[in-house]
Structure formats: structure tokens, C-alpha cells
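Data first, discussion second: the structure below is written as C-alpha cells.
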Amino acid sequence: MRADERAQFDPDEQRVIRDACANGSQPFCPRCTVPMTGRPIGGGSFGLGYARRRQWLICPNCRRSALFDVKRGTRN
Ligand SMILES: [Zn+2]
């Protein structure tokens, strides 16, 4: 493994984070159990058809990040 390769979560860990987001709860880093910092990635320039938003979550401790799509239209 290269030292300059960006650390990432395993697929199982990404699923845990995504599930937390889908439930509307604060996602925690599965490794550090600290709250993760969310950075919404604004789409917008590709306006037509693609209403998908992406969420970028970063652990402030281990610096691992998770990027995934967030489905809109959640009914509360
Ligand atoms: Zn972490």
C-alpha cells in the first residue's frame, strides 16, 4: 500500500455511515467513533434531470472520507 494513497473506509464501514445518514442521524466514524464532518457537494451545474446530491463525510481524526449519493425526497 502506498503511503500517499488516500485512506478510505471498507465497503462495510461505508454502509454504516450511509445508513446513519439515511436515518437522519449523526454519522460516526466506525473506526474512531467520533462525529464525522459533512460536506455537501453542490451539484447544480448539471441542472436537468439529475437531482442527485452527493455527501462527502470526513472523519476529523483519521481523515478517512466517504463519498456517496444522497437520495432526495425523503418523507418525514
Ligand atoms: Zn476515523
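Residue numbers start at 1 in each chain; chains themselves are named A, B, ... in the order of the C-alpha cells; ligands are numbered from 1 in the order shown.
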May I ask you to write as a ChimeraX atom specification all residues lying at most 7 Å from ligand 1, with only C-alpha atoms and all ligand atoms counted?
-> /A:29-34,59-64
If you count only C-alpha atoms, which residues fall within 12 Å of segment 12-17 of chain A, apart from same-chain ones fewer than 2 positions away, as number ranges by chain?
-> A: 8-10, 19-38, 55-59, 64-70
